[in-house]
Amino acid sequence: MIWVEGLVPHVKALHLSFVAVWVAGLIALPGMLARHDRAIVQAEFAQIRRATHFGYVWVITPVAILAIFSGSVLIFMREVFTVWIFAKLVLVTGLVAMHAWVGHTIITVAETEGQHQPPGALFPTLLVFGLVIGILSLVLAKPDLAGLPVPSWLLNPLGHQLPFDIPNR
């Protein structure tokens, strides 16, 4: 599998690019949501609403999917099945939860006709920064987390059959 090893730097570059755009969106969109104010001119409100919706649906969500997919490919290409990668995946789950929260907030603002006041941008931004710093710390330091209690089924292949039948041809 020499040719796979040659692809690793390219997949990493793609992964980092996707993650950078995803995180930038997770930082920018809460700031844009904080500007949703019914007191501003209706045309400006509609413009902000369209921009947040377009950015979330057509830019940030596809890039998030590509970031997660390329990261998953890297895990299998490099065969990195250690405790620190599972800790990283827990933090990535936090980014996914923030992504879902931003989407929920965009929909709530659009559908409640001025009844929903979006939260300020400070807390979501700090939360995203905290998750990113945690992920970078794990990826760059690759700490030995062998002392953490991790179920053995997470670390060792069990050799079991998949829980469904393979169709006959």
# chains A, B, ... in the order shown; residues from 1 in each chain; ligands from 1
$ select_by_dssp --residues "segment 64-146 of chain A" --states "alpha helix (DSSP H)" --output "ChimeraX atom specification"
/A:64-78,83-111,122-141
$ residues_around --residues "Ala87 of chain A" --least-positions-apart "4" --cutoff "10 Å" --atoms "only C-alpha atoms" --output "list in words"
Thr82, Val83, Leu91, Val92, Thr93, Gly134, Ile135, Leu138, Val139 and Leu145 of chain A
$ closest_residue --among "A:Gly31, A:Gln47, A:Gln42, A:Ala100" --to "Phe123 of chain A" --atoms "only C-alpha atoms"
A:Gly31
$ closest_residue --among "A:Val57, A:Ala46, A:Ile65, A:Met77" --to "Phe18 of chain A" --atoms "only C-alpha atoms"
A:Ile65
$ closest_residue --among "A:Gly71, A:Gln161, A:Arg50, A:Ile60" --to "Met98 of chain A" --atoms "only C-alpha atoms"
A:Ile60
